[in-house]
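Before any comments, here is the structure.
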Amino acid sequence: MSRSSHIPVHIHARVRAAVVAALVAPLAACSSSASSGTPAAEATPSPDDRPVTVSVTPTGKQVPAGEPVRVTVSGGRLTSVTVIDTDGRRLAGKAAADGRSWVSDRKAVPGTAYEVTAATRSAGGTARTARAGFTTAQADKVNKVDWRPGTGTTVGVAQPISLVFDHPVKNRAEVEKQLKVTTSNDTEGSWGWMRDWSGRDRVDWRPRTYWKPGTEVTLKAELNGTDSGADGGWFVRDYTTAFTIGDRQVVEVDLDRHRLALVRNGETVRRIPVSGGTPGGDKRSWRGTAVLMAKEGTINMNSETVGLADAYDKMVDHSMRLTWSGMYAHAAPWNARHLGRANRSSGCIGMSDADAAWFYGQVRPGDPFEITGKDTKGVVAPGNGFGAWNLSWTEWQGMSALR
């Protein structure tokens, strides 16, 4: 099936003629009676007052979605155009300065019937109304989005906007054009495409530097009617989220000195002794900037899920996820003798029950953990949690599909 639903009028003359016939009502000829009894002369319409020719694309039934609605006229000008779907939703658009054409702002979406009403005025000043309708074919495959953060949340200064797609996105530039981020203070930022830890396509928006506390952020993902590309399917709805940035909280983790510090708005609130990942192998911790993804409370941690065989299988309190690959900050009372002294965990940042309980109550998703240490297994990757901050601003901008 062709992806284009525009039918050039100069090629399909028969189709255009049918559309015009349906849209334009013919003018009736006028006549008058003479008092002398001679036959009345039939009046000829003024050339300036002949019917306006109206053309609408797309036209017909089961036409491909993904194209804007276009209305063009000759012999006059458009005074208004209304496009409404079966649910009563209006498809807004703009007319050209000369009034001879109109194009919708959004594209026609799959599986929808549209009614087009065009009001015209002839060169001679006669107003008329023309109507047309068309339906789009159902989507053969639908793409959906999982997004973070949720609406109405307050998050930390490192929280990105993150969209993960059910199916591949080949038309990345077209999708990115539909993603509108607005902030209360004109924060500079950029989208970056990556492969999520799950293997799915993902796009994140991060500011150039950490968010300013108090910033109000809104995302409008106007994806309805956008084609993902080969094997991806169509988007059949829009998405939106709005959230607020909280205090500037940065967790400074020094694995060489075996401690972390919670710094809030530039002031160190508390230092806590910790134990990081065991040096020299797969149990080492990640370094760089990791972002607190979620506070998960008491969870079962099983080493087999992260490729460490049967090293552990236990319930762990005050668990705070930092990466998809399994690095957490959490309570580790079984490691008490190493807290503040040595790195002997299986990759996580462990602390005492009391410190973990207090710390858990202070941090929020989106807070950055800036982790340093000599013996680590590398820097957190962009798709492994929210590792975008480990790239320079130039590198991050280069991951946009529009640059």
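Residue numbering restarts at 1 for every chain of the structure tokens, chains are lettered A, B, ... in their displayed order, and ligands are numbered from 1 as they appear.
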- prompt: Can you list, as a PyMOL selection string, every protein, DNA or RNA residue that comes within 9 Å of segment 135-149 of chain A when you count only C-alpha atoms, leaving out same-chain residues fewer than 4 positions away?
  reply: chain A and resi 58-65+108-115+153-155+159-169+227-228+231-237+239+241-243+365-366
With segment 323-331 of chain A as the partner and 10 Å as the cut-off, tabulate the residues of segment 106-220 of chain A that qualify, each row holding the nearest pair of atoms and their distance in Å to one decimal, using only C-alpha atoms, sorted by chain and rising number, as JSON lines.
{"residue": "A:Asp196", "atom": "CA", "partner": "A:Trp324", "partner_atom": "CA", "distance": 9.3}
{"residue": "A:Trp197", "atom": "CA", "partner": "A:Trp324", "partner_atom": "CA", "distance": 6.6}
{"residue": "A:Ser198", "atom": "CA", "partner": "A:Trp324", "partner_atom": "CA", "distance": 8.5}
Export, as a CSV table (one decimal), in the first residue's frame, the selected residues with all heavy atoms.
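Writing the result to selection.csv gives the following:
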chain,number,residue,atom,x,y,z
A,196,ASP,N,17.4,1.1,24.5
A,196,ASP,CA,17.2,0.9,25.9
A,196,ASP,C,17.8,-0.5,26.3
A,196,ASP,O,18.0,-1.4,25.5
A,196,ASP,CB,15.6,0.9,26.1
A,196,ASP,CG,15.3,0.8,27.6
A,196,ASP,OD1,15.6,1.7,28.3
A,196,ASP,OD2,14.6,-0.2,28.0
A,197,TRP,N,18.0,-0.6,27.6
A,197,TRP,CA,18.5,-1.9,28.2
A,197,TRP,C,17.6,-3.1,27.8
A,197,TRP,O,18.1,-4.2,27.7
A,197,TRP,CB,18.6,-1.8,29.7
A,197,TRP,CG,19.4,-2.9,30.4
A,197,TRP,CD1,18.8,-4.0,31.0
A,197,TRP,CD2,20.8,-3.1,30.4
A,197,TRP,NE1,19.8,-4.8,31.5
A,197,TRP,CE2,21.0,-4.3,31.1
A,197,TRP,CE3,21.8,-2.3,29.9
A,197,TRP,CZ2,22.3,-4.7,31.4
A,197,TRP,CZ3,23.1,-2.8,30.2
A,197,TRP,CH2,23.3,-4.0,30.9
A,198,SER,N,16.3,-2.8,27.6
A,198,SER,CA,15.4,-3.9,27.2
A,198,SER,C,15.6,-4.3,25.7
A,198,SER,O,15.0,-5.3,25.3
A,198,SER,CB,13.9,-3.4,27.4
A,198,SER,OG,13.6,-2.3,26.5
Can you tell me which residues surround Ser74 of chain A at a distance of at most 12 Å, considering only C-alpha atoms, apart from same-chain residues fewer than 3 positions away, and format the answer as a PDB file with all heavy atoms, in the first residue's frame?
ATOM      1  N   VAL A  20     -14.952  17.507  -7.675  1.00  0.00           N
ATOM      2  CA  VAL A  20     -15.523  18.824  -7.941  1.00  0.00           C
ATOM      3  C   VAL A  20     -17.028  18.747  -8.090  1.00  0.00           C
ATOM      4  O   VAL A  20     -17.777  19.575  -7.575  1.00  0.00           O
ATOM      5  CB  VAL A  20     -14.867  19.443  -9.189  1.00  0.00           C
ATOM      6  CG1 VAL A  20     -15.583  20.715  -9.590  1.00  0.00           C
ATOM      7  CG2 VAL A  20     -13.395  19.722  -8.920  1.00  0.00           C
ATOM      8  N   VAL A  24     -19.221  21.132  -5.622  1.00  0.00           N
ATOM      9  CA  VAL A  24     -19.685  22.425  -6.123  1.00  0.00           C
ATOM     10  C   VAL A  24     -21.090  22.296  -6.718  1.00  0.00           C
ATOM     11  O   VAL A  24     -21.312  21.522  -7.631  1.00  0.00           O
ATOM     12  CB  VAL A  24     -18.715  22.956  -7.203  1.00  0.00           C
ATOM     13  CG1 VAL A  24     -19.169  24.309  -7.690  1.00  0.00           C
ATOM     14  CG2 VAL A  24     -17.307  23.036  -6.647  1.00  0.00           C
ATOM     15  N   ASP A  48     -16.699  36.778 -13.510  1.00  0.00           N
ATOM     16  CA  ASP A  48     -16.213  36.901 -12.135  1.00  0.00           C
ATOM     17  C   ASP A  48     -17.081  36.164 -11.124  1.00  0.00           C
ATOM     18  O   ASP A  48     -16.703  36.042  -9.960  1.00  0.00           O
ATOM     19  CB  ASP A  48     -16.143  38.376 -11.732  1.00  0.00           C
ATOM     20  CG  ASP A  48     -15.023  39.102 -12.454  1.00  0.00           C
ATOM     21  OD1 ASP A  48     -14.093  38.416 -12.920  1.00  0.00           O
ATOM     22  OD2 ASP A  48     -15.083  40.340 -12.532  1.00  0.00           O
ATOM     23  N   ARG A  50     -18.601  33.011 -11.652  1.00  0.00           N
ATOM     24  CA  ARG A  50     -18.767  31.587 -11.940  1.00  0.00           C
ATOM     25  C   ARG A  50     -18.416  30.770 -10.702  1.00  0.00           C
ATOM     26  O   ARG A  50     -17.672  31.230  -9.836  1.00  0.00           O
ATOM     27  CB  ARG A  50     -17.883  31.193 -13.120  1.00  0.00           C
ATOM     28  CG  ARG A  50     -18.434  31.729 -14.440  1.00  0.00           C
ATOM     29  CD  ARG A  50     -17.512  31.457 -15.586  1.00  0.00           C
ATOM     30  NE  ARG A  50     -18.064  31.988 -16.828  1.00  0.00           N
ATOM     31  CZ  ARG A  50     -17.388  32.112 -17.942  1.00  0.00           C
ATOM     32  NH1 ARG A  50     -16.114  31.750 -17.991  1.00  0.00           N
ATOM     33  NH2 ARG A  50     -17.957  32.606 -19.022  1.00  0.00           N
ATOM     34  N   PRO A  51     -18.936  29.528 -10.606  1.00  0.00           N
ATOM     35  CA  PRO A  51     -18.683  28.704  -9.420  1.00  0.00           C
ATOM     36  C   PRO A  51     -17.190  28.510  -9.155  1.00  0.00           C
ATOM     37  O   PRO A  51     -16.401  28.370 -10.078  1.00  0.00           O
ATOM     38  CB  PRO A  51     -19.359  27.372  -9.750  1.00  0.00           C
ATOM     39  CG  PRO A  51     -20.406  27.732 -10.756  1.00  0.00           C
ATOM     40  CD  PRO A  51     -19.830  28.855 -11.560  1.00  0.00           C
ATOM     41  N   VAL A  52     -16.840  28.499  -7.870  1.00  0.00           N
ATOM     42  CA  VAL A  52     -15.467  28.250  -7.457  1.00  0.00           C
ATOM     43  C   VAL A  52     -15.208  26.739  -7.515  1.00  0.00           C
ATOM     44  O   VAL A  52     -16.024  25.946  -7.055  1.00  0.00           O
ATOM     45  CB  VAL A  52     -15.230  28.763  -6.019  1.00  0.00           C
ATOM     46  CG1 VAL A  52     -13.801  28.470  -5.575  1.00  0.00           C
ATOM     47  CG2 VAL A  52     -15.527  30.255  -5.943  1.00  0.00           C
ATOM     48  N   THR A  53     -14.090  26.348  -8.097  1.00  0.00           N
ATOM     49  CA  THR A  53     -13.718  24.938  -8.168  1.00  0.00           C
ATOM     50  C   THR A  53     -12.941  24.561  -6.908  1.00  0.00           C
ATOM     51  O   THR A  53     -11.938  25.191  -6.583  1.00  0.00           O
ATOM     52  CB  THR A  53     -12.853  24.664  -9.407  1.00  0.00           C
ATOM     53  OG1 THR A  53     -13.592  25.028 -10.575  1.00  0.00           O
ATOM     54  CG2 THR A  53     -12.481  23.186  -9.485  1.00  0.00           C
ATOM     55  N   VAL A  54     -13.417  23.552  -6.189  1.00  0.00           N
ATOM     56  CA  VAL A  54     -12.817  23.125  -4.930  1.00  0.00           C
ATOM     57  C   VAL A  54     -12.282  21.700  -5.078  1.00  0.00           C
ATOM     58  O   VAL A  54     -12.957  20.833  -5.617  1.00  0.00           O
ATOM     59  CB  VAL A  54     -13.847  23.169  -3.782  1.00  0.00           C
ATOM     60  CG1 VAL A  54     -13.186  22.752  -2.463  1.00  0.00           C
ATOM     61  CG2 VAL A  54     -14.460  24.557  -3.657  1.00  0.00           C
ATOM     62  N   SER A  55     -11.069  21.488  -4.601  1.00  0.00           N
ATOM     63  CA  SER A  55     -10.462  20.154  -4.631  1.00  0.00           C
ATOM     64  C   SER A  55      -9.951  19.805  -3.241  1.00  0.00           C
ATOM     65  O   SER A  55      -9.312  20.619  -2.576  1.00  0.00           O
ATOM     66  CB  SER A  55      -9.303  20.126  -5.637  1.00  0.00           C
ATOM     67  OG  SER A  55      -8.670  18.859  -5.628  1.00  0.00           O
ATOM     68  N   VAL A  71      -6.874  21.470   0.928  1.00  0.00           N
ATOM     69  CA  VAL A  71      -8.015  22.010   0.176  1.00  0.00           C
ATOM     70  C   VAL A  71      -7.490  23.116  -0.724  1.00  0.00           C
ATOM     71  O   VAL A  71      -6.787  24.025  -0.247  1.00  0.00           O
ATOM     72  CB  VAL A  71      -9.096  22.570   1.115  1.00  0.00           C
ATOM     73  CG1 VAL A  71     -10.289  23.089   0.306  1.00  0.00           C
ATOM     74  CG2 VAL A  71      -9.551  21.507   2.107  1.00  0.00           C
ATOM     75  N   ARG A  77     -11.737  32.263  -3.691  1.00  0.00           N
ATOM     76  CA  ARG A  77     -10.870  32.050  -2.533  1.00  0.00           C
ATOM     77  C   ARG A  77     -11.635  31.378  -1.402  1.00  0.00           C
ATOM     78  O   ARG A  77     -12.864  31.420  -1.357  1.00  0.00           O
ATOM     79  CB  ARG A  77     -10.248  33.369  -2.065  1.00  0.00           C
ATOM     80  CG  ARG A  77     -11.211  34.388  -1.549  1.00  0.00           C
ATOM     81  CD  ARG A  77     -10.567  35.775  -1.452  1.00  0.00           C
ATOM     82  NE  ARG A  77      -9.243  35.744  -0.870  1.00  0.00           N
ATOM     83  CZ  ARG A  77      -8.986  35.980   0.407  1.00  0.00           C
ATOM     84  NH1 ARG A  77      -9.991  36.269   1.227  1.00  0.00           N
ATOM     85  NH2 ARG A  77      -7.761  35.945   0.874  1.00  0.00           N
ATOM     86  N   LEU A  78     -10.884  30.744  -0.522  1.00  0.00           N
ATOM     87  CA  LEU A  78     -11.467  30.124   0.665  1.00  0.00           C
ATOM     88  C   LEU A  78     -11.701  31.182   1.734  1.00  0.00           C
ATOM     89  O   LEU A  78     -10.844  32.035   1.984  1.00  0.00           O
ATOM     90  CB  LEU A  78     -10.523  29.056   1.212  1.00  0.00           C
ATOM     91  CG  LEU A  78     -10.325  27.806   0.359  1.00  0.00           C
ATOM     92  CD1 LEU A  78      -9.057  27.059   0.795  1.00  0.00           C
ATOM     93  CD2 LEU A  78     -11.546  26.895   0.475  1.00  0.00           C
ATOM     94  N   ASP A  98      -3.014  33.991  -0.018  1.00  0.00           N
ATOM     95  CA  ASP A  98      -3.895  34.348  -1.139  1.00  0.00           C
ATOM     96  C   ASP A  98      -5.265  33.690  -1.049  1.00  0.00           C
ATOM     97  O   ASP A  98      -6.122  33.906  -1.916  1.00  0.00           O
ATOM     98  CB  ASP A  98      -3.238  34.000  -2.476  1.00  0.00           C
ATOM     99  CG  ASP A  98      -2.942  32.508  -2.642  1.00  0.00           C
ATOM    100  OD1 ASP A  98      -3.345  31.716  -1.758  1.00  0.00           O
ATOM    101  OD2 ASP A  98      -2.314  32.139  -3.655  1.00  0.00           O
ATOM    102  N   GLY A  99      -5.486  32.849  -0.011  1.00  0.00           N
ATOM    103  CA  GLY A  99      -6.797  32.238   0.180  1.00  0.00           C
ATOM    104  C   GLY A  99      -7.115  31.114  -0.781  1.00  0.00           C
ATOM    105  O   GLY A  99      -8.246  30.622  -0.807  1.00  0.00           O
ATOM    106  N   ARG A 100      -6.139  30.655  -1.529  1.00  0.00           N
ATOM    107  CA  ARG A 100      -6.419  29.636  -2.543  1.00  0.00           C
ATOM    108  C   ARG A 100      -6.089  28.216  -2.094  1.00  0.00           C
ATOM    109  O   ARG A 100      -6.329  27.271  -2.835  1.00  0.00           O
ATOM    110  CB  ARG A 100      -5.666  29.956  -3.828  1.00  0.00           C
ATOM    111  CG  ARG A 100      -6.142  31.255  -4.473  1.00  0.00           C
ATOM    112  CD  ARG A 100      -5.517  31.484  -5.829  1.00  0.00           C
ATOM    113  NE  ARG A 100      -6.011  32.697  -6.440  1.00  0.00           N
ATOM    114  CZ  ARG A 100      -5.698  33.121  -7.670  1.00  0.00           C
ATOM    115  NH1 ARG A 100      -4.872  32.362  -8.406  1.00  0.00           N
ATOM    116  NH2 ARG A 100      -6.182  34.229  -8.153  1.00  0.00           N
ATOM    117  N   SER A 101      -5.541  28.090  -0.903  1.00  0.00           N
ATOM    118  CA  SER A 101      -5.238  26.741  -0.404  1.00  0.00           C
ATOM    119  C   SER A 101      -5.259  26.739   1.117  1.00  0.00           C
ATOM    120  O   SER A 101      -5.129  27.781   1.767  1.00  0.00           O
ATOM    121  CB  SER A 101      -3.872  26.259  -0.921  1.00  0.00           C
ATOM    122  OG  SER A 101      -2.830  27.086  -0.426  1.00  0.00           O
ATOM    123  N   THR A 120     -16.477  29.285   0.418  1.00  0.00           N
ATOM    124  CA  THR A 120     -15.745  30.002  -0.626  1.00  0.00           C
ATOM    125  C   THR A 120     -16.467  31.288  -1.007  1.00  0.00           C
ATOM    126  O   THR A 120     -17.654  31.483  -0.717  1.00  0.00           O
ATOM    127  CB  THR A 120     -15.589  29.130  -1.881  1.00  0.00           C
ATOM    128  OG1 THR A 120     -16.897  28.864  -2.443  1.00  0.00           O
ATOM    129  CG2 THR A 120     -14.901  27.817  -1.552  1.00  0.00           C
ATOM    130  N   ARG A 121     -15.722  32.142  -1.666  1.00  0.00           N
ATOM    131  CA  ARG A 121     -16.295  33.347  -2.246  1.00  0.00           C
ATOM    132  C   ARG A 121     -15.720  33.519  -3.641  1.00  0.00           C
ATOM    133  O   ARG A 121     -14.497  33.466  -3.824  1.00  0.00           O
ATOM    134  CB  ARG A 121     -15.992  34.571  -1.382  1.00  0.00           C
ATOM    135  CG  ARG A 121     -16.775  35.826  -1.812  1.00  0.00           C
ATOM    136  CD  ARG A 121     -16.554  36.957  -0.828  1.00  0.00           C
ATOM    137  NE  ARG A 121     -17.009  36.622   0.513  1.00  0.00           N
ATOM    138  CZ  ARG A 121     -18.272  36.708   0.922  1.00  0.00           C
ATOM    139  NH1 ARG A 121     -19.216  37.097   0.072  1.00  0.00           N
ATOM    140  NH2 ARG A 121     -18.595  36.397   2.157  1.00  0.00           N
ATOM    141  N   SER A 122     -16.603  33.678  -4.617  1.00  0.00           N
ATOM    142  CA  SER A 122     -16.169  33.824  -5.998  1.00  0.00           C
ATOM    143  C   SER A 122     -15.561  35.201  -6.213  1.00  0.00           C
ATOM    144  O   SER A 122     -15.668  36.093  -5.357  1.00  0.00           O
ATOM    145  CB  SER A 122     -17.347  33.628  -6.956  1.00  0.00           C
ATOM    146  OG  SER A 122     -18.257  34.716  -6.826  1.00  0.00           O
ATOM    147  N   ALA A 123     -14.924  35.371  -7.378  1.00  0.00           N
ATOM    148  CA  ALA A 123     -14.344  36.673  -7.704  1.00  0.00           C
ATOM    149  C   ALA A 123     -15.407  37.759  -7.747  1.00  0.00           C
ATOM    150  O   ALA A 123     -15.127  38.928  -7.489  1.00  0.00           O
ATOM    151  CB  ALA A 123     -13.598  36.588  -9.034  1.00  0.00           C
TER     152      ALA A 123
END
Using only C-alpha atoms, I'd like a table of the residues in segment 184-269 of chain A that come within 8 Å of segment 333-340 of chain A; for each, show the closest atom pair and its distance in Å rounded to one decimal, ordered by chain and ascending number, as CSV.
residue,atom,partner,partner_atom,distance
A:Arg257,CA,A:Gly340,CA,7.2
A:His258,CA,A:Gly340,CA,4.7
A:Arg259,CA,A:Gly340,CA,5.9
task: Name the residues of segment 23-254 of chain A that fall into alpha helix (DSSP H) according to DSSP on the backbone, using the chain letters and numbers of this document, as a list in words.
output: Leu23, Arg172, Ala173, Glu174, Val175, Glu176 and Lys177 of chain A
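Atom to atom, atom CA of Ala290 of chain A and atom CA of Cys348 of chain A stand 12.1 Å apart.
Atom CA of Leu219 of chain A is found 13.6 Å from atom CA of Val175 of chain A.
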- prompt: Counting only C-alpha atoms, which of A:Lys107, A:Lys283, A:Arg364, A:Lys377 gets nearest to Glu222 of chain A?
  reply: A:Lys107
Backbone-only DSSP, strand (DSSP E) members of segment 227-309 of chain A, as JSON, numbers by chain: {"A": [239, 240, 241, 242, 243, 244, 245, 249, 250, 251, 252, 253, 254, 259, 260, 261, 262, 263, 264, 267, 268, 269, 270, 271, 272, 273, 288, 289, 290, 291, 294, 295, 296, 297, 298, 299, 300, 301, 302]}
- prompt: Using only C-alpha atoms, which of A:Gly361, A:Gly76, A:Gly373, A:Gly150 sits nearest Gly125 of chain A?
  reply: A:Gly76
